[in-house]
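The data block below is my_file07.cif; it holds mmCIF, C-alpha atoms.
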```
data_my_file
#
loop_
_atom_site.label_atom_id
_atom_site.label_comp_id
_atom_site.auth_asym_id
_atom_site.auth_seq_id
_atom_site.Cartn_x
_atom_site.Cartn_y
_atom_site.Cartn_z
CA MET K 79 47.32 5.45 -49.83
CA PHE K 80 45.30 2.72 -51.53
CA ALA K 81 46.10 -0.82 -50.37
CA LYS K 82 46.38 -3.26 -53.28
CA THR K 83 45.08 -6.08 -51.07
CA GLN K 84 41.82 -4.25 -50.40
CA LEU K 85 39.04 -4.38 -52.97
CA VAL K 86 38.18 -1.02 -54.48
CA THR K 87 34.63 0.25 -54.11
CA PRO K 88 32.50 0.88 -57.22
CA GLU K 89 32.54 4.64 -56.72
CA ASN K 90 36.35 4.69 -56.52
CA ALA K 91 37.00 2.39 -59.47
CA LEU K 92 38.65 3.68 -62.63
CA PRO K 93 36.20 4.77 -65.36
CA GLY K 94 37.63 2.57 -68.11
CA ARG K 95 36.49 3.00 -71.70
CA ASP K 96 33.73 2.10 -74.13
CA ALA K 97 35.88 0.37 -76.74
CA PRO K 98 37.03 -3.18 -76.01
CA LEU K 99 40.65 -4.18 -76.48
CA PRO K 100 41.28 -5.97 -79.80
CA VAL K 101 41.18 -9.77 -79.67
CA PRO K 102 43.44 -11.98 -81.82
CA PRO K 103 41.41 -14.09 -84.25
CA ARG K 104 42.95 -17.47 -83.37
CA HIS K 105 44.46 -19.29 -80.40
CA GLU K 106 48.27 -19.41 -80.64
CA VAL K 107 48.40 -23.09 -79.60
CA LEU K 108 44.99 -24.65 -80.27
CA ASP K 109 44.19 -22.77 -83.50
CA ALA K 110 40.65 -22.06 -82.32
CA PRO K 111 38.72 -18.79 -82.02
CA LEU K 112 39.41 -16.68 -78.95
CA ALA K 113 36.10 -14.82 -79.16
CA PRO K 114 32.57 -16.02 -79.98
CA PRO K 115 31.13 -17.68 -81.91
CA PHE K 116 32.69 -20.85 -80.53
CA PRO K 117 32.32 -24.32 -82.07
CA ALA K 118 28.88 -25.93 -81.71
CA GLY K 119 28.45 -28.06 -78.61
CA THR K 120 31.15 -26.34 -76.57
CA GLU K 121 30.61 -24.75 -73.18
CA ILE K 122 32.37 -21.97 -71.25
CA ALA K 123 33.97 -21.93 -67.80
CA GLU K 124 35.84 -19.04 -66.18
CA PHE K 125 38.43 -19.28 -63.41
CA ALA K 126 40.85 -16.96 -61.61
CA LEU K 127 43.85 -18.58 -59.93
CA GLY K 128 46.64 -16.05 -59.84
CA CYS K 129 48.68 -14.72 -62.76
CA PHE K 130 46.77 -15.67 -65.88
CA TRP K 131 49.90 -16.56 -67.88
CA GLY K 132 50.50 -19.86 -66.15
CA ALA K 133 46.82 -20.41 -65.42
CA GLU K 134 45.89 -20.24 -69.09
CA ARG K 135 48.61 -22.74 -69.98
CA LYS K 136 47.28 -25.21 -67.42
CA PHE K 137 43.93 -25.23 -69.16
CA TRP K 138 45.07 -25.27 -72.80
CA GLN K 139 47.14 -28.35 -71.90
CA THR K 140 43.99 -30.11 -70.64
CA PRO K 141 42.56 -32.62 -73.14
CA GLY K 142 39.06 -31.65 -74.27
CA VAL K 143 39.68 -27.92 -73.97
CA VAL K 144 38.99 -26.24 -77.31
CA SER K 145 40.17 -22.68 -76.59
CA THR K 146 41.41 -20.49 -73.75
CA SER K 147 41.91 -16.77 -73.29
CA ALA K 148 43.28 -14.39 -70.68
CA GLY K 149 41.12 -11.59 -69.37
CA TYR K 150 39.71 -9.62 -66.49
CA GLU K 151 36.51 -10.25 -64.54
CA GLY K 152 34.80 -9.58 -61.24
CA GLY K 153 35.32 -5.84 -61.02
CA TYR K 154 33.78 -2.56 -62.10
CA THR K 155 35.95 -0.90 -64.76
CA PRO K 156 34.77 -1.52 -68.34
CA ASN K 157 37.42 -2.67 -70.84
CA PRO K 158 40.36 -2.21 -68.47
CA THR K 159 44.03 -2.33 -69.42
CA TYR K 160 46.57 -4.56 -67.70
CA GLU K 161 48.16 -1.57 -65.99
CA GLU K 162 44.77 -0.48 -64.64
CA VAL K 163 43.99 -3.94 -63.31
CA CYS K 164 47.43 -4.15 -61.66
CA SER K 165 46.76 -0.85 -59.91
CA GLY K 166 44.01 -2.53 -57.91
CA LEU K 167 41.60 0.22 -58.93
CA THR K 168 39.36 -1.81 -61.25
CA GLY K 169 38.23 -4.57 -58.90
CA HIS K 170 38.95 -7.23 -61.51
CA THR K 171 40.94 -10.40 -61.01
CA GLU K 172 43.07 -12.01 -63.71
CA THR K 173 40.80 -14.64 -65.23
CA VAL K 174 41.01 -17.46 -67.76
CA ARG K 175 38.08 -18.23 -70.03
CA VAL K 176 37.98 -21.93 -70.92
CA VAL K 177 35.97 -23.16 -73.90
CA TYR K 178 35.59 -26.92 -73.65
CA ASP K 179 33.90 -29.92 -75.21
CA PRO K 180 31.78 -31.52 -72.46
CA SER K 181 31.82 -34.85 -74.32
CA LYS K 182 35.60 -34.99 -73.79
CA VAL K 183 36.19 -33.16 -70.50
CA SER K 184 33.70 -32.43 -67.74
CA TYR K 185 33.27 -29.29 -65.69
CA ASP K 186 34.31 -31.36 -62.67
CA ASP K 187 37.56 -32.17 -64.47
CA LEU K 188 38.18 -28.46 -65.02
CA LEU K 189 37.45 -27.77 -61.36
CA ARG K 190 40.11 -30.31 -60.42
CA VAL K 191 42.64 -28.51 -62.61
CA PHE K 192 41.61 -25.23 -60.99
CA TRP K 193 41.93 -26.38 -57.38
CA GLU K 194 45.14 -28.36 -57.84
CA SER K 195 46.97 -25.68 -59.86
CA HIS K 196 47.09 -23.02 -57.14
CA ASN K 197 46.74 -22.44 -53.41
CA PRO K 198 43.14 -21.31 -52.84
CA THR K 199 43.75 -20.29 -49.22
CA GLN K 200 45.93 -17.23 -49.79
CA GLY K 201 43.38 -14.44 -50.08
CA MET K 202 44.55 -11.45 -52.12
CA ARG K 203 47.68 -13.10 -53.40
CA GLN K 204 49.13 -16.14 -55.09
CA GLY K 205 52.66 -16.92 -54.01
CA ASN K 206 54.81 -13.83 -54.50
CA ASP K 207 52.12 -12.10 -56.57
CA VAL K 208 50.23 -9.80 -54.22
CA GLY K 209 47.10 -7.79 -54.97
CA THR K 210 43.37 -8.14 -55.51
CA GLN K 211 43.98 -9.05 -59.17
CA TYR K 212 45.52 -12.34 -58.01
CA ARG K 213 42.62 -13.50 -55.86
CA SER K 214 41.11 -16.92 -56.49
CA ALA K 215 37.63 -17.04 -58.02
CA ILE K 216 35.19 -19.26 -59.86
CA PHE K 217 32.73 -17.41 -62.07
CA TYR K 218 29.85 -19.85 -62.54
CA ARG K 219 27.55 -19.43 -65.52
CA ASP K 220 24.53 -21.47 -64.41
CA ASP K 221 23.10 -23.38 -61.45
CA ALA K 222 24.83 -26.61 -62.47
CA GLN K 223 28.24 -24.94 -62.44
CA ARG K 224 27.46 -23.27 -59.13
CA ALA K 225 26.48 -26.57 -57.51
CA ALA K 226 29.57 -28.32 -58.86
CA ALA K 227 31.85 -25.50 -57.70
CA GLU K 228 30.35 -25.48 -54.21
CA ALA K 229 30.59 -29.28 -53.91
CA SER K 230 34.22 -29.30 -55.03
CA ARG K 231 35.12 -26.53 -52.59
CA ASP K 232 33.44 -28.37 -49.72
CA ALA K 233 35.20 -31.61 -50.67
CA TYR K 234 38.62 -29.97 -50.92
CA GLN K 235 38.53 -28.02 -47.65
CA PRO K 236 38.97 -31.05 -45.35
CA VAL K 237 41.94 -32.18 -47.47
CA LEU K 238 43.56 -28.77 -47.15
CA THR K 239 42.77 -28.52 -43.44
CA ALA K 240 44.30 -31.93 -42.73
CA ALA K 241 47.51 -30.74 -44.40
CA GLY K 242 47.68 -27.60 -42.24
CA HIS K 243 46.22 -25.06 -44.64
CA GLY K 244 43.65 -22.44 -43.67
CA PRO K 245 40.15 -21.86 -45.03
CA ILE K 246 39.54 -21.56 -48.76
CA THR K 247 39.23 -17.90 -49.76
CA THR K 248 38.06 -18.53 -53.34
CA ASP K 249 35.16 -16.35 -54.46
CA LEU K 250 32.25 -18.28 -55.95
CA THR K 251 30.23 -15.72 -57.84
CA PRO K 252 27.98 -15.45 -60.90
CA ALA K 253 29.88 -14.70 -64.08
CA THR K 254 29.92 -11.05 -65.07
CA THR K 255 31.44 -9.50 -68.19
CA PHE K 256 34.69 -11.12 -69.26
CA TYR K 257 37.02 -8.48 -70.67
CA TYR K 258 39.74 -9.83 -72.95
CA ALA K 259 43.30 -8.94 -72.00
CA GLU K 260 45.76 -7.41 -74.43
CA ASP K 261 47.12 -9.43 -77.36
CA TYR K 262 50.53 -10.00 -75.76
CA HIS K 263 48.92 -11.71 -72.74
CA GLN K 264 47.06 -14.26 -74.84
CA GLN K 265 48.88 -17.62 -74.68
CA TYR K 266 51.81 -15.73 -73.18
CA LEU K 267 53.71 -18.92 -72.27
CA SER K 268 53.30 -20.60 -75.65
CA ASP K 269 56.36 -21.92 -77.47
CA THR K 270 56.13 -19.12 -80.02
CA LYS K 271 55.91 -16.30 -77.45
CA ASN K 272 57.58 -16.88 -74.07
CA PRO K 273 58.12 -20.61 -73.43
CA ASN K 274 60.45 -19.83 -70.52
CA GLY K 275 58.47 -16.85 -69.25
CA TYR K 276 57.45 -16.15 -65.67
CA CYS K 277 54.86 -18.43 -64.08
CA GLY K 278 53.99 -17.73 -60.47
CA LEU K 279 51.50 -20.57 -60.24
CA GLY K 280 52.03 -23.15 -57.53
CA GLY K 281 49.62 -25.74 -56.20
CA THR K 282 49.56 -27.33 -52.77
CA GLY K 283 50.41 -30.80 -54.06
CA LEU K 284 47.10 -32.06 -52.69
CA SER K 285 44.56 -33.92 -54.81
CA CYS K 286 41.01 -32.59 -54.91
CA PRO K 287 38.25 -35.25 -54.66
CA VAL K 288 36.07 -33.47 -57.21
CA GLY K 289 32.78 -35.19 -57.90
CA ALA K 290 33.13 -37.67 -55.04
CA ALA K 291 30.81 -35.83 -52.66
CA ARG K 292 28.07 -35.38 -55.24
CA ALA K 293 28.39 -38.97 -56.43
CA GLN K 294 27.66 -40.18 -52.90
CA LYS K 295 24.39 -38.22 -52.64
#
```
Structure translated into structure tokens:
Amino acid sequence: MFAKTQLVTPENALPGRDAPLPVPPRHEVLDAPLAPPFPAGTEIAEFALGCFWGAERKFWQTPGVVSTSAGYEGGYTPNPTYEEVCSGLTGHTETVRVVYDPSKVSYDDLLRVFWESHNPTQGMRQGNDVGTQYRSAIFYRDDAQRAAAEASRDAYQPVLTAAGHGPITTDLTPATTFYYAEDYHQQYLSDTKNPNGYCGLGGTGLSCPVGAARAQK
């Protein structure tokens, strides 16, 4: 029997499909495009921090964020469905794509939202949500994002350790293909869809000193 807390191997992953899932034209809350092209001057960040319903809401509520979307990343199956991802047989984790204006919010600011919005020490789970699709991950898109992500992780670990938490299990990995999730997952917790819907996200209550370590160098 396949264990949902064990990453599937490429040869055992589901085959997926060639056609991508349809993407809504506009963001339910921010009235911005969900798919490229994005507004000039914006940049992209991608994070996985448990169920993407609550995770996406955290980011669309962040000032300076232009658009967000729910999707799947980090696995092997092309254009997977939600049911396939939940089976653990795609290798993907539930991911939020964040399109942001760097003149209004920095990547460090987004990293702080990421770290403080979930518990990054739980491995293949987030709270009561168990499975590889709930693992914590940062998908960096260039060397600057990689360096910032590494510095923030290294700054946050002593804070977590002092509070009795274990080692950070967050994957820091180059961004791969971001596959958009189904229409009904996009902005799932918006006022017009499911304002009182399930959100399994829970942080540690600990502040992350993002940027402090790099500023001292």
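Each of K:Phe137, K:Tyr276, K:Tyr266, K:Tyr258 was checked against Glu194 in chain K using all atoms listed in the file; the smallest atom-to-atom distance is that of K:Phe137.
Nearest-residue note for Gly205 in chain K: choosing from K:Leu188, K:Glu161, K:Gly280, K:Ser230, the minimum distance belongs to K:Gly280, counting only C-alpha atoms.
Across the model, the gap from CA of Gly128 in chain K to CA of Tyr212 in chain K is 4.3 Å.
Applied to the file shown here, the PyMOL selection byres ((chain K and resi 131) around 9) selects Gly128, Cys129, Phe130, Gly132, Ala133, Glu134, Arg135, Ala148, Val174, His263, Gln264, Gln265, Tyr266, Leu267, Gly275, Tyr276, Cys277, Gly278 and Leu279 of chain K.
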Counting all atoms listed in the file, the residue among K:Ser195, K:Thr248, K:Gln204, K:Thr159 that lies closest to Lys136 in chain K is K:Ser195
| query | If I put a ball of radius 8 Å at (37.2, -1.9, -57.9) in the file's coordinates, which residues poke into it when counting all atoms listed in the file, written as number ranges by chain? | reply | K: 85-88, 90-92, 153-155, 166-170
Can you pull out the residues contacting Pro245 in chain K? Cut-off 12 Å, using all atoms listed in the file, and skip same-chain residues under 6 positions away; I want them as a PyMOL selection string. chain K and resi 197-201+231-232+234-239
List the neighbours of Trp138 in chain K out to 10 Å using all atoms listed in the file; skip same-chain residues closer than 3 positions along the sequence, and give me the result as a list in words.
His105, Val107, Leu108, Ala133, Glu134, Arg135, Pro141, Gly142, Val143, Val144, Ser145, Thr146, Ser147, Val176, Val177, Tyr178, Gln265 and Ser268 of chain K
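The space between CA of Arg175 in chain K and CA of Gly149 in chain K spans 7.3 Å.
Here the PyMOL selection byres ((chain K and resi 117) around 10) matches the residues K:Ala110, K:Pro111, K:Pro114, K:Pro115, K:Phe116, K:Ala118, K:Gly119, K:Thr120, K:Glu121, K:Val144, K:Ser145, K:Val177, K:Tyr178, K:Asp179.
Of the listed residues K:Gln139, K:Ser165, K:Thr251, K:Thr282, the one whose atoms come nearest to Ile216 in chain K is K:Thr251, with distances taken using all atoms listed in the file.
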Using all atoms listed in the file, the residue out of K:Thr140, K:Ser184, K:Thr210, K:Asn157 with shortest distance to Ala81 in chain K is K:Thr210
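Residues surrounding Tyr160 in chain K within 9 Å are K:Tyr150, K:Ser165, K:Ala259, K:Glu260 [only C-alpha atoms; sequence separation below 5 positions excluded].
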